[in-house]
>>> print(open('upload.cif').read())   # mmCIF, C-alpha atoms, pLDDT in the B column; chains and numbers go by the auth columns
data_structure
#
loop_
_atom_site.group_PDB
_atom_site.id
_atom_site.type_symbol
_atom_site.label_atom_id
_atom_site.label_comp_id
_atom_site.label_asym_id
_atom_site.label_seq_id
_atom_site.Cartn_x
_atom_site.Cartn_y
_atom_site.Cartn_z
_atom_site.B_iso_or_equiv
_atom_site.auth_seq_id
_atom_site.auth_asym_id
ATOM 1 C CA MET A 1 -41.758 -2.841 60.049 51.00 18 A
ATOM 2 C CA GLY A 2 -39.326 -1.179 57.859 57.00 19 A
ATOM 3 C CA ILE A 3 -36.235 -1.973 55.930 59.00 20 A
ATOM 4 C CA GLU A 4 -33.093 -1.459 57.908 57.00 21 A
ATOM 5 C CA ILE A 5 -30.125 -0.186 55.947 57.00 22 A
ATOM 6 C CA GLU A 6 -26.737 -0.716 57.489 58.00 23 A
ATOM 7 C CA PRO A 7 -23.779 1.500 56.797 54.00 24 A
ATOM 8 C CA PRO A 8 -21.415 0.177 54.110 55.00 25 A
ATOM 9 C CA ILE A 9 -18.887 -2.285 55.362 52.00 26 A
ATOM 10 C CA LYS A 10 -15.387 -0.872 55.291 55.00 27 A
ATOM 11 C CA ILE A 11 -12.975 -3.560 54.225 51.00 28 A
ATOM 12 C CA LYS A 12 -9.756 -3.125 56.076 55.00 29 A
ATOM 13 C CA LYS A 13 -6.632 -4.521 54.513 55.00 30 A
ATOM 14 C CA THR A 14 -4.324 -5.865 57.122 56.00 31 A
ATOM 15 C CA GLY A 15 -0.768 -6.927 56.997 56.00 32 A
ATOM 16 C CA GLY A 16 2.065 -5.775 54.862 57.00 33 A
ATOM 17 C CA LEU A 17 4.880 -3.460 55.612 56.00 34 A
ATOM 18 C CA PHE A 18 2.976 -0.231 54.907 57.00 35 A
ATOM 19 C CA SER A 19 -0.436 -1.160 56.309 58.00 36 A
ATOM 20 C CA PHE A 20 -0.286 1.808 58.704 55.00 37 A
ATOM 21 C CA PHE A 21 -0.763 4.139 55.676 54.00 38 A
ATOM 22 C CA GLU A 22 -4.187 2.632 54.964 59.00 39 A
ATOM 23 C CA GLU A 23 -5.751 3.982 58.148 61.00 40 A
ATOM 24 C CA GLU A 24 -6.450 7.625 58.841 65.00 41 A
ATOM 25 C CA GLY A 25 -3.968 8.644 61.478 68.00 42 A
ATOM 26 C CA PRO A 26 -1.222 11.101 62.245 70.00 43 A
ATOM 27 C CA ILE A 27 1.164 9.821 59.554 66.00 44 A
ATOM 28 C CA ARG A 28 -1.407 9.948 56.782 64.00 45 A
ATOM 29 C CA LYS A 29 -2.573 13.387 57.947 69.00 46 A
ATOM 30 C CA LEU A 30 1.023 14.656 57.931 67.00 47 A
ATOM 31 C CA LEU A 31 1.634 13.328 54.421 62.00 48 A
ATOM 32 C CA ARG A 32 -1.594 14.849 53.126 63.00 49 A
ATOM 33 C CA GLU A 33 -1.041 18.281 54.670 68.00 50 A
ATOM 34 C CA TRP A 34 2.751 18.563 54.415 63.00 51 A
ATOM 35 C CA LYS A 35 4.091 21.471 52.437 62.00 52 A
ATOM 36 C CA PRO A 36 7.823 22.005 51.948 59.00 53 A
ATOM 37 C CA ILE A 37 9.369 24.988 53.664 60.00 54 A
ATOM 38 C CA LEU A 38 11.400 25.938 50.604 54.00 55 A
ATOM 39 C CA PRO A 39 9.992 25.848 47.077 53.00 56 A
ATOM 40 C CA ARG A 40 11.380 23.154 44.784 50.00 57 A
ATOM 41 C CA GLU A 41 13.434 25.707 42.821 52.00 58 A
ATOM 42 C CA LYS A 42 15.234 26.768 46.003 50.00 59 A
ATOM 43 C CA ILE A 43 16.039 23.164 46.912 50.00 60 A
ATOM 44 C CA PHE A 44 17.173 21.914 43.515 50.00 61 A
ATOM 45 C CA GLY A 45 18.235 25.181 41.916 53.00 62 A
ATOM 46 C CA GLU A 46 16.993 26.936 38.854 53.00 63 A
ATOM 47 C CA LYS A 47 17.188 25.271 35.495 53.00 64 A
ATOM 48 C CA THR A 48 20.822 25.294 34.452 53.00 65 A
ATOM 49 C CA ALA A 49 21.583 27.776 31.722 58.00 66 A
ATOM 50 C CA ILE A 50 23.567 26.499 28.783 61.00 67 A
ATOM 51 C CA TYR A 51 26.299 28.924 27.888 62.00 68 A
ATOM 52 C CA PRO A 52 27.079 28.775 24.180 60.00 69 A
ATOM 53 C CA PRO A 53 30.704 28.541 23.190 62.00 70 A
ATOM 54 C CA THR A 54 31.862 32.097 22.648 68.00 71 A
ATOM 55 C CA ASP A 55 35.501 31.484 21.924 80.00 72 A
ATOM 56 C CA ARG A 56 36.712 30.763 18.371 86.00 73 A
ATOM 57 C CA VAL A 57 38.971 27.984 19.669 86.00 74 A
ATOM 58 C CA ILE A 58 36.020 26.269 21.365 88.00 75 A
ATOM 59 C CA GLU A 59 33.865 26.653 18.267 89.00 76 A
ATOM 60 C CA SER A 60 36.598 25.163 16.087 91.00 77 A
ATOM 61 C CA MET A 61 37.073 22.235 18.512 91.00 78 A
ATOM 62 C CA ARG A 62 33.321 21.665 18.469 91.00 79 A
ATOM 63 C CA GLU A 63 33.113 21.708 14.669 93.00 80 A
ATOM 64 C CA ALA A 64 36.161 19.438 14.332 94.00 81 A
ATOM 65 C CA LYS A 65 34.616 16.884 16.692 95.00 82 A
ATOM 66 C CA LYS A 66 31.325 17.085 14.811 95.00 83 A
ATOM 67 C CA ARG A 67 33.075 16.345 11.511 96.00 84 A
ATOM 68 C CA GLU A 68 35.088 13.540 13.124 95.00 85 A
ATOM 69 C CA TRP A 69 32.007 11.879 14.613 95.00 86 A
ATOM 70 C CA LEU A 70 30.030 12.177 11.379 95.00 87 A
ATOM 71 C CA ALA A 71 32.985 10.672 9.480 96.00 88 A
ATOM 72 C CA LYS A 72 32.954 7.719 11.896 93.00 89 A
ATOM 73 C CA GLY A 73 29.367 7.046 10.864 93.00 90 A
ATOM 74 C CA TYR A 74 27.394 8.367 13.824 93.00 91 A
ATOM 75 C CA SER A 75 24.004 9.811 12.923 92.00 92 A
ATOM 76 C CA GLU A 76 23.483 13.557 12.731 93.00 93 A
ATOM 77 C CA ALA A 77 20.856 13.479 15.493 92.00 94 A
ATOM 78 C CA LEU A 78 23.109 11.516 17.855 93.00 95 A
ATOM 79 C CA VAL A 79 26.034 13.851 17.176 94.00 96 A
ATOM 80 C CA GLU A 80 23.875 16.894 17.940 92.00 97 A
ATOM 81 C CA LYS A 81 22.781 15.308 21.209 92.00 98 A
ATOM 82 C CA ALA A 82 26.404 14.553 22.101 93.00 99 A
ATOM 83 C CA LEU A 83 27.367 18.175 21.428 93.00 100 A
ATOM 84 C CA LEU A 84 24.439 19.335 23.556 90.00 101 A
ATOM 85 C CA LEU A 85 25.674 17.012 26.304 92.00 102 A
ATOM 86 C CA ALA A 86 29.131 18.592 26.076 92.00 103 A
ATOM 87 C CA ASP A 87 27.652 22.091 26.273 89.00 104 A
ATOM 88 C CA ARG A 88 25.493 21.207 29.263 89.00 105 A
ATOM 89 C CA TRP A 89 28.313 19.368 31.022 90.00 106 A
ATOM 90 C CA VAL A 90 30.731 22.263 30.707 90.00 107 A
ATOM 91 C CA SER A 91 28.022 24.784 31.676 85.00 108 A
ATOM 92 C CA GLU A 92 27.151 22.882 34.820 86.00 109 A
ATOM 93 C CA MET A 93 30.818 22.549 35.746 87.00 110 A
ATOM 94 C CA ALA A 94 31.252 26.302 35.326 86.00 111 A
ATOM 95 C CA GLU A 95 28.138 26.963 37.378 83.00 112 A
ATOM 96 C CA ALA A 96 29.310 24.607 40.127 84.00 113 A
ATOM 97 C CA PHE A 97 32.775 26.097 40.514 86.00 114 A
ATOM 98 C CA ALA A 98 32.231 29.798 39.842 82.00 115 A
ATOM 99 C CA PRO A 99 30.362 32.155 42.158 79.00 116 A
ATOM 100 C CA PRO A 100 27.008 33.448 40.936 77.00 117 A
ATOM 101 C CA GLY A 101 27.296 36.516 38.762 78.00 118 A
ATOM 102 C CA ARG A 102 30.939 35.944 37.827 83.00 119 A
ATOM 103 C CA MET A 103 30.582 35.265 34.111 81.00 120 A
ATOM 104 C CA ASP A 104 34.272 35.987 33.528 84.00 121 A
ATOM 105 C CA ILE A 105 35.277 33.078 35.780 85.00 122 A
ATOM 106 C CA ARG A 106 32.626 30.848 34.217 84.00 123 A
ATOM 107 C CA GLN A 107 33.938 31.606 30.730 85.00 124 A
ATOM 108 C CA GLU A 108 37.467 30.696 31.830 87.00 125 A
ATOM 109 C CA ILE A 109 36.226 27.402 33.273 87.00 126 A
ATOM 110 C CA ILE A 110 34.380 26.691 30.025 87.00 127 A
ATOM 111 C CA LYS A 111 37.522 27.380 27.981 88.00 128 A
ATOM 112 C CA ALA A 112 39.663 25.176 30.203 89.00 129 A
ATOM 113 C CA SER A 113 37.277 22.225 30.476 91.00 130 A
ATOM 114 C CA TYR A 114 35.678 22.075 27.006 92.00 131 A
ATOM 115 C CA PRO A 115 38.107 19.402 25.727 93.00 132 A
ATOM 116 C CA LYS A 116 37.104 17.211 28.678 94.00 133 A
ATOM 117 C CA ALA A 117 33.432 17.894 27.923 93.00 134 A
ATOM 118 C CA LEU A 118 33.944 16.658 24.360 94.00 135 A
ATOM 119 C CA GLU A 119 35.667 13.554 25.736 94.00 136 A
ATOM 120 C CA VAL A 120 32.686 12.864 28.022 94.00 137 A
ATOM 121 C CA ALA A 121 30.329 13.363 25.077 94.00 138 A
ATOM 122 C CA GLU A 122 32.386 10.954 22.966 94.00 139 A
ATOM 123 C CA HIS A 123 32.128 8.250 25.635 94.00 140 A
ATOM 124 C CA TRP A 124 28.360 8.800 25.710 93.00 141 A
ATOM 125 C CA LEU A 125 28.189 8.697 21.917 93.00 142 A
ATOM 126 C CA LYS A 126 30.034 5.360 21.790 92.00 143 A
ATOM 127 C CA ALA A 127 27.786 3.889 24.483 91.00 144 A
ATOM 128 C CA MET A 128 24.586 5.044 22.773 88.00 145 A
ATOM 129 C CA SER A 129 25.610 3.727 19.367 84.00 146 A
ATOM 130 C CA GLU A 130 26.489 0.192 20.509 80.00 147 A
#
>>> encode(input="upload.cif", output="structure tokens")
Amino acid sequence: MGIEIEPPIKIKKTGGLFSFFEEEGPIRKLLREWKPILPREKIFGEKTAIYPPTDRVIESMREAKKREWLAKGYSEALVEKALLLADRWVSEMAEAFAPPGRMDIRQEIIKASYPKALEVAEHWLKAMSE
């Protein structure tokens, strides 16, 4: 006469759209062991570099917009974020349309599209301040 101990009862949830994930099987094994072929940086790209405005005309446009936005009553922090948005937007546009390593083409794209970047930043600034 002894005490019999049974194995713990495994409660199995049934039903639901994703109930097949609850059981150990080929899908769960694949999800647990799956490793991407390419590293994340190769898939999504490196962190986008922000190219600072190097042209005097761009710097003067940037400063004029900053004064204009501050005069309209936007906060200093929000204006700085809007200017950062403009810098990032124009940098990503230059990176998207210029071949890697061609900084001369990227600088030309930045010069040509910086007014549009400030316009995009102004739309964002208006939306964030409402």
>>> atom_distance(input="upload.cif", atom1="CA of Asp104 (chain A)", atom2="CA of Arg79 (chain A)")
9.7 Å
>>> atom_distance(input="upload.cif", atom1="CA of Met145 (chain A)", atom2="CA of Arg84 (chain A)")
18.1 Å
>>> residues_around(input="upload.cif", residues="Phe114 (chain A)", least_positions_apart="2", cutoff="12 Å", atoms="all atoms listed in the file", output="PyMOL selection string")
chain A and resi 107-112+116-120+122-127+130
>>> closest_residue(input="upload.cif", among="A:Leu102, A:Ala94, A:Ala144, A:Ala138", to="Lys82 (chain A)", atoms="all atoms listed in the file")
A:Ala138
>>> atom_distance(input="upload.cif", atom1="CA of Met78 (chain A)", atom2="CA of Tyr131 (chain A)")
8.6 Å
>>> residues_around(input="upload.cif", residues="Ile75 (chain A)", least_positions_apart="6", cutoff="10 Å", atoms="only C-alpha atoms", output="number ranges by chain")
A: 69, 81, 127-129, 131-132
>>> axis_aligned_box(input="upload.cif", around="region 121-128 of chain A", padding_each_side="4 Å", output="JSON")
{"center_x": 35.1, "center_y": 31.3, "center_z": 31.9, "size_x": 12.9, "size_y": 17.3, "size_z": 15.8}
>>> residues_around(input="upload.cif", residues="region 86-89 of chain A", least_positions_apart="5", cutoff="12 Å", atoms="only C-alpha atoms", output="PyMOL selection string")
chain A and resi 79-81+94-100+135-136+138-140+142-143+146
>>> write_last_selection(input="upload.cif", atoms="C-alpha atoms", output="mmCIF file, in the coordinates of the input")
data_model
loop_
_atom_site.group_PDB
_atom_site.id
_atom_site.type_symbol
_atom_site.label_atom_id
_atom_site.label_comp_id
_atom_site.auth_asym_id
_atom_site.auth_seq_id
_atom_site.Cartn_x
_atom_site.Cartn_y
_atom_site.Cartn_z
ATOM 1 C CA ARG A 79 33.321 21.665 18.469
ATOM 2 C CA GLU A 80 33.113 21.708 14.669
ATOM 3 C CA ALA A 81 36.161 19.438 14.332
ATOM 4 C CA ALA A 94 20.856 13.479 15.493
ATOM 5 C CA LEU A 95 23.109 11.516 17.855
ATOM 6 C CA VAL A 96 26.034 13.851 17.176
ATOM 7 C CA GLU A 97 23.875 16.894 17.940
ATOM 8 C CA LYS A 98 22.781 15.308 21.209
ATOM 9 C CA ALA A 99 26.404 14.553 22.101
ATOM 10 C CA LEU A 100 27.367 18.175 21.428
ATOM 11 C CA LEU A 135 33.944 16.658 24.360
ATOM 12 C CA GLU A 136 35.667 13.554 25.736
ATOM 13 C CA ALA A 138 30.329 13.363 25.077
ATOM 14 C CA GLU A 139 32.386 10.954 22.966
ATOM 15 C CA HIS A 140 32.128 8.250 25.635
ATOM 16 C CA LEU A 142 28.189 8.697 21.917
ATOM 17 C CA LYS A 143 30.034 5.360 21.790
ATOM 18 C CA SER A 146 25.610 3.727 19.367
#
